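Printed here is data_26.pdb (PDB, C-alpha atoms, pLDDT in the B column):
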ATOM      1  CA  GLY J   1      88.932 181.716  50.142  1.00 60.00           C
ATOM      2  CA  GLY J   2      86.604 179.470  48.265  1.00 63.00           C
ATOM      3  CA  VAL J   3      87.075 176.516  46.000  1.00 64.00           C
ATOM      4  CA  VAL J   4      87.617 177.235  42.321  1.00 65.00           C
ATOM      5  CA  ASP J   5      86.180 174.543  40.097  1.00 60.00           C
ATOM      6  CA  LYS J   6      87.576 174.881  36.567  1.00 67.00           C
ATOM      7  CA  LYS J   7      85.472 172.260  34.831  1.00 68.00           C
ATOM      8  CA  PRO J   8      82.278 173.343  33.111  1.00 66.00           C
ATOM      9  CA  TYR J   9      79.035 173.211  35.068  1.00 63.00           C
ATOM     10  CA  VAL J  10      76.929 170.346  33.718  1.00 67.00           C
ATOM     11  CA  PRO J  11      73.346 170.655  34.977  1.00 65.00           C
ATOM     12  CA  PHE J  12      72.468 166.948  34.904  1.00 64.00           C
ATOM     13  CA  ALA J  13      75.605 166.037  36.918  1.00 68.00           C
ATOM     14  CA  ASP J  14      76.277 169.076  39.136  1.00 70.00           C
ATOM     15  CA  THR J  15      74.318 171.218  41.532  1.00 70.00           C
ATOM     16  CA  ALA J  16      75.337 174.765  42.348  1.00 71.00           C
ATOM     17  CA  GLU J  17      73.033 177.582  43.343  1.00 76.00           C
ATOM     18  CA  GLY J  18      73.253 180.488  40.897  1.00 74.00           C
ATOM     19  CA  ALA J  19      75.423 178.585  38.417  1.00 71.00           C
ATOM     20  CA  SER J  20      75.138 179.389  34.754  1.00 72.00           C
ATOM     21  CA  VAL J  21      75.227 176.908  31.916  1.00 70.00           C
ATOM     22  CA  ALA J  22      77.349 177.253  28.805  1.00 70.00           C
ATOM     23  CA  PRO J  23      75.122 177.620  25.721  1.00 72.00           C
ATOM     24  CA  TRP J  24      76.598 174.509  24.096  1.00 65.00           C
ATOM     25  CA  LEU J  25      75.480 172.466  27.122  1.00 63.00           C
ATOM     26  CA  ALA J  26      72.052 174.027  27.384  1.00 66.00           C
ATOM     27  CA  ASP J  27      71.163 173.068  23.810  1.00 64.00           C
ATOM     28  CA  THR J  28      70.199 169.401  24.126  1.00 61.00           C
ATOM     29  CA  ARG J  29      70.014 169.082  20.334  1.00 56.00           C
ATOM     30  CA  GLN J  30      73.824 168.991  20.301  1.00 57.00           C
ATOM     31  CA  GLN J  31      74.029 165.991  22.609  1.00 62.00           C
ATOM     32  CA  THR J  32      74.811 162.747  20.837  1.00 66.00           C
ATOM     33  CA  PRO J  33      72.576 159.711  21.357  1.00 76.00           C
ATOM     34  CA  ASP J  34      74.125 156.441  22.503  1.00 89.00           C
ATOM     35  CA  LEU J  35      75.531 154.473  19.600  1.00 94.00           C
ATOM     36  CA  GLU J  36      75.214 150.758  18.951  1.00 97.00           C
ATOM     37  CA  VAL J  37      78.609 149.110  19.518  1.00 98.00           C
ATOM     38  CA  VAL J  38      79.433 146.072  17.381  1.00 98.00           C
ATOM     39  CA  TRP J  39      82.534 143.911  17.849  1.00 98.00           C
ATOM     40  CA  SER J  40      84.178 142.252  14.863  1.00 98.00           C
ATOM     41  CA  GLU J  41      85.063 138.609  15.461  1.00 98.00           C
ATOM     42  CA  ALA J  42      88.740 139.475  15.075  1.00 98.00           C
ATOM     43  CA  ALA J  43      88.567 142.251  17.705  1.00 98.00           C
ATOM     44  CA  ALA J  44      86.746 139.966  20.163  1.00 98.00           C
ATOM     45  CA  ALA J  45      89.431 137.286  19.694  1.00 98.00           C
ATOM     46  CA  GLU J  46      92.218 139.872  20.122  1.00 98.00           C
ATOM     47  CA  LEU J  47      90.616 141.075  23.360  1.00 98.00           C
ATOM     48  CA  ARG J  48      90.380 137.517  24.713  1.00 98.00           C
ATOM     49  CA  ALA J  49      94.067 136.940  23.922  1.00 97.00           C
ATOM     50  CA  LEU J  50      95.069 140.102  25.825  1.00 97.00           C
ATOM     51  CA  LEU J  51      92.956 139.476  28.956  1.00 98.00           C
ATOM     52  CA  PRO J  52      95.808 137.936  31.026  1.00 97.00           C
ATOM     53  CA  GLN J  53      97.911 141.083  30.535  1.00 96.00           C
ATOM     54  CA  LEU J  54      95.308 143.624  31.691  1.00 97.00           C
ATOM     55  CA  ARG J  55      96.013 145.502  34.919  1.00 96.00           C
ATOM     56  CA  LEU J  56      92.666 147.120  35.727  1.00 96.00           C
ATOM     57  CA  LEU J  57      89.899 145.368  33.837  1.00 96.00           C
ATOM     58  CA  ARG J  58      89.027 141.878  35.059  1.00 94.00           C
ATOM     59  CA  GLY J  59      87.600 139.389  32.629  1.00 96.00           C
ATOM     60  CA  GLU J  60      86.149 139.589  29.167  1.00 97.00           C
ATOM     61  CA  ASP J  61      82.728 140.855  30.256  1.00 97.00           C
ATOM     62  CA  GLN J  62      84.179 143.779  32.205  1.00 97.00           C
ATOM     63  CA  ALA J  63      86.664 144.686  29.449  1.00 98.00           C
ATOM     64  CA  ARG J  64      84.021 144.543  26.710  1.00 98.00           C
ATOM     65  CA  ALA J  65      81.585 146.560  28.816  1.00 97.00           C
ATOM     66  CA  ALA J  66      84.181 149.266  29.544  1.00 97.00           C
ATOM     67  CA  VAL J  67      85.149 149.637  25.876  1.00 98.00           C
ATOM     68  CA  SER J  68      81.514 149.546  24.752  1.00 97.00           C
ATOM     69  CA  GLU J  69      80.452 152.215  27.274  1.00 96.00           C
ATOM     70  CA  VAL J  70      83.155 154.589  26.038  1.00 96.00           C
ATOM     71  CA  LEU J  71      82.250 154.033  22.398  1.00 96.00           C
ATOM     72  CA  ALA J  72      78.471 154.208  22.925  1.00 95.00           C
ATOM     73  CA  ALA J  73      78.979 157.765  24.186  1.00 92.00           C
ATOM     74  CA  ASP J  74      80.997 158.676  21.039  1.00 93.00           C
ATOM     75  CA  PRO J  75      84.230 160.055  22.535  1.00 92.00           C
ATOM     76  CA  ARG J  76      85.300 161.780  19.316  1.00 92.00           C
ATOM     77  CA  SER J  77      85.682 165.548  19.355  1.00 90.00           C
ATOM     78  CA  VAL J  78      83.353 167.653  17.221  1.00 87.00           C
ATOM     79  CA  HIS J  79      86.354 168.406  14.991  1.00 90.00           C
ATOM     80  CA  TRP J  80      87.044 164.688  14.494  1.00 89.00           C
ATOM     81  CA  ARG J  81      83.367 163.979  13.715  1.00 89.00           C
ATOM     82  CA  GLN J  82      83.231 166.788  11.164  1.00 90.00           C
ATOM     83  CA  THR J  83      86.603 166.419   9.414  1.00 92.00           C
ATOM     84  CA  ARG J  84      87.673 162.810   9.973  1.00 91.00           C
ATOM     85  CA  ALA J  85      84.389 160.930  10.189  1.00 90.00           C
ATOM     86  CA  ALA J  86      85.431 158.318   7.602  1.00 90.00           C
ATOM     87  CA  LEU J  87      88.718 157.499   9.358  1.00 92.00           C
ATOM     88  CA  ASP J  88      89.433 154.907  12.002  1.00 93.00           C
ATOM     89  CA  TYR J  89      89.383 156.216  15.556  1.00 94.00           C
ATOM     90  CA  GLY J  90      91.380 154.812  18.442  1.00 93.00           C
ATOM     91  CA  PHE J  91      91.615 155.199  22.183  1.00 94.00           C
ATOM     92  CA  SER J  92      93.406 153.474  25.026  1.00 94.00           C
ATOM     93  CA  ILE J  93      91.991 151.869  28.133  1.00 96.00           C
ATOM     94  CA  ASP J  94      94.014 149.772  30.579  1.00 96.00           C
ATOM     95  CA  LEU J  95      96.696 148.227  28.332  1.00 95.00           C
ATOM     96  CA  LEU J  96      94.426 148.096  25.291  1.00 96.00           C
ATOM     97  CA  ASN J  97      94.533 150.224  22.176  1.00 95.00           C
ATOM     98  CA  VAL J  98      91.065 149.973  20.635  1.00 96.00           C
ATOM     99  CA  VAL J  99      90.559 150.945  16.998  1.00 96.00           C
ATOM    100  CA  CYS J 100      87.058 151.384  15.650  1.00 97.00           C
ATOM    101  CA  ARG J 101      85.029 152.887  12.835  1.00 96.00           C
ATOM    102  CA  PHE J 102      81.946 155.058  13.338  1.00 95.00           C
ATOM    103  CA  ASP J 103      79.205 154.855  10.744  1.00 93.00           C
ATOM    104  CA  GLY J 104      75.831 156.491  11.309  1.00 86.00           C
ATOM    105  CA  GLY J 105      74.379 155.284  14.596  1.00 90.00           C
ATOM    106  CA  ALA J 106      76.883 152.476  15.104  1.00 95.00           C
ATOM    107  CA  CYS J 107      80.496 151.958  16.031  1.00 97.00           C
ATOM    108  CA  THR J 108      82.382 148.821  15.012  1.00 98.00           C
ATOM    109  CA  VAL J 109      85.383 147.703  17.057  1.00 98.00           C
ATOM    110  CA  ARG J 110      87.822 146.606  14.354  1.00 97.00           C
ATOM    111  CA  THR J 111      90.956 145.700  16.271  1.00 96.00           C
ATOM    112  CA  VAL J 112      92.244 145.509  19.837  1.00 97.00           C
ATOM    113  CA  GLN J 113      95.992 145.629  20.374  1.00 95.00           C
ATOM    114  CA  HIS J 114      98.376 145.778  23.307  1.00 95.00           C
ATOM    115  CA  LEU J 115      99.015 149.459  23.932  1.00 91.00           C
ATOM    116  CA  HIS J 116     102.808 149.089  23.826  1.00 90.00           C
ATOM    117  CA  LEU J 117     102.850 147.010  20.638  1.00 87.00           C
ATOM    118  CA  CYS J 118     100.135 148.676  18.597  1.00 81.00           C
ATOM    119  CA  ASP J 119      99.983 150.274  15.194  1.00 74.00           C
ATOM    120  CA  ARG J 120      98.888 153.880  15.850  1.00 68.00           C
ATOM    121  CA  SER J 121      98.539 154.990  12.219  1.00 67.00           C
ATOM    122  CA  HIS J 122      94.928 156.013  12.926  1.00 60.00           C
ATOM    123  CA  VAL J 123      96.254 158.818  15.167  1.00 62.00           C
ATOM    124  CA  ALA J 124      97.653 160.718  12.195  1.00 58.00           C
ATOM    125  CA  GLY J 125      94.444 160.237  10.243  1.00 55.00           C
ATOM    126  CA  ASP J 126      96.317 158.337   7.556  1.00 49.00           C
ATOM    127  CA  ALA J 127      93.543 157.900   5.019  1.00 45.00           C
ATOM    128  CA  GLY J 128      96.098 157.470   2.295  1.00 40.00           C
ATOM    129  CA  GLY J 129      97.111 153.889   2.874  1.00 38.00           C
ATOM    130  CA  GLY J 130      98.119 153.019   6.426  1.00 40.00           C
ATOM    131  CA  PRO J 131      97.150 149.516   7.492  1.00 42.00           C
ATOM    132  CA  LEU J 132      94.148 150.825   9.426  1.00 42.00           C
ATOM    133  CA  ALA J 133      92.909 153.164   6.710  1.00 40.00           C
ATOM    134  CA  ASP J 134      91.199 150.474   4.615  1.00 41.00           C
ATOM    135  CA  PRO J 135      87.483 151.399   4.734  1.00 43.00           C
ATOM    136  CA  SER J 136      86.285 147.795   4.264  1.00 42.00           C
TER     137      SER J 136
END

Take the structure in the file and write it out as structure tokens.
Amino acid sequence: GGVVDKKPYVPFADTAEGASVAPWLADTRQQTPDLEVVWSEAAAAELRALLPQLRLLRGEDQARAAVSEVLAADPRSVHWRQTRAALDYGFSIDLLNVVCRFDGGACTVRTVQHLHLCDRSHVAGDAGGGPLADPS
């Protein structure tokens, strides 16, 4: 038998003779441009404080670059962008839980917490008053 590859064929990353492209990938108008990533002073200080505990990322430059690369690509699902755009968004990398806010062409890193000790109220989309729901 042959190899079955279950991920979608992405023309700019894959090569396969006779492969077809899903319509949502062929339409380049749906691709999101890289976003500007801005770090709040508080988030930068929180990251520096957590550096000694990281397992994979080495040093502040590498940790900031990894977080910024993820956020510049806008990892939110289409559903999240359409229905929860005004809410904080969070993701985990290494032992960090990163919480940010997207606004237009920018993403602001608001807080960086240890993954095991973090407030995950942004996961439920708590726009009604959780500590991370404050839009300021």

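What separates CA of Ala63 in chain J from CA of Glu36 in chain J is a distance of 16.7 Å.
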
Up to 10 Å from (76.3, 160.6, 10.8) in the file's coordinates: name the residues, counting all atoms listed in the file, as a list in words. Arg81, Gln82, Ala85, Ala86, Phe102, Asp103, Gly104, Gly105 and Ala106 of chain J

Please enumerate the residues selected by the PyMOL selection byres ((chain J and resi 54) around 10) when evaluated against the supplied file, formatted as a ChimeraX atom specification. /J:47,50-53,55-59,63,93-96,114

Output of the PyMOL selection byres ((chain J and resi 35) around 8), listed as a VMD selection string: chain J and resid 33 to 34 36 to 37 71 to 74 105 to 107

Go ahead and save the picked residues with C-alpha atoms, as a short mmCIF file (atom, residue, chain, number, x, y, z; two decimals), in the frame of the given file.
data_model
loop_
_atom_site.label_atom_id
_atom_site.label_comp_id
_atom_site.auth_asym_id
_atom_site.auth_seq_id
_atom_site.Cartn_x
_atom_site.Cartn_y
_atom_site.Cartn_z
CA PRO J 33 72.58 159.71 21.36
CA ASP J 34 74.12 156.44 22.50
CA GLU J 36 75.21 150.76 18.95
CA VAL J 37 78.61 149.11 19.52
CA LEU J 71 82.25 154.03 22.40
CA ALA J 72 78.47 154.21 22.92
CA ALA J 73 78.98 157.76 24.19
CA ASP J 74 81.00 158.68 21.04
CA GLY J 105 74.38 155.28 14.60
CA ALA J 106 76.88 152.48 15.10
CA CYS J 107 80.50 151.96 16.03
#

Write out as a ChimeraX atom specification which residues come within 7 Å of Cys100 in chain J when counting all atoms listed in the file, dropping same-chain ones fewer than 6 positions away. /J:88-90,107-111

Go ahead and dump the residues you just picked, C-alpha atoms, as a PDB file, keeping the file's coordinate frame.
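The resulting file, out04.pdb, is shown below:
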ATOM      1  CA  ASP J  88      89.433 154.907  12.002  1.00 93.00           C
ATOM      2  CA  TYR J  89      89.383 156.216  15.556  1.00 94.00           C
ATOM      3  CA  GLY J  90      91.380 154.812  18.442  1.00 93.00           C
ATOM      4  CA  CYS J 107      80.496 151.958  16.031  1.00 97.00           C
ATOM      5  CA  THR J 108      82.382 148.821  15.012  1.00 98.00           C
ATOM      6  CA  VAL J 109      85.383 147.703  17.057  1.00 98.00           C
ATOM      7  CA  ARG J 110      87.822 146.606  14.354  1.00 97.00           C
ATOM      8  CA  THR J 111      90.956 145.700  16.271  1.00 96.00           C
TER       9      THR J 111
END

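Checking J:Asp119, J:Asp61, J:Glu41, J:Asp14 one by one against Val99 in chain J, counting only C-alpha atoms, you find the shortest gap at J:Asp119.
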
How many Å separate CA of Arg76 in chain J from CA of Ala45 in chain J? 24.8 Å

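You will find CA of Arg101 in chain J at 9.9 Å from CA of Val38 in chain J.
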
Expected axis-aligned box over every listed atom of range 52-58 of chain J, 6 Å added per side, centre plus edges in Å to one decimal, as AutoDock Vina command-line options:
--center_x 93.5 --center_y 142.5 --center_z 33.1 --size_x 20.9 --size_y 21.2 --size_z 17.2
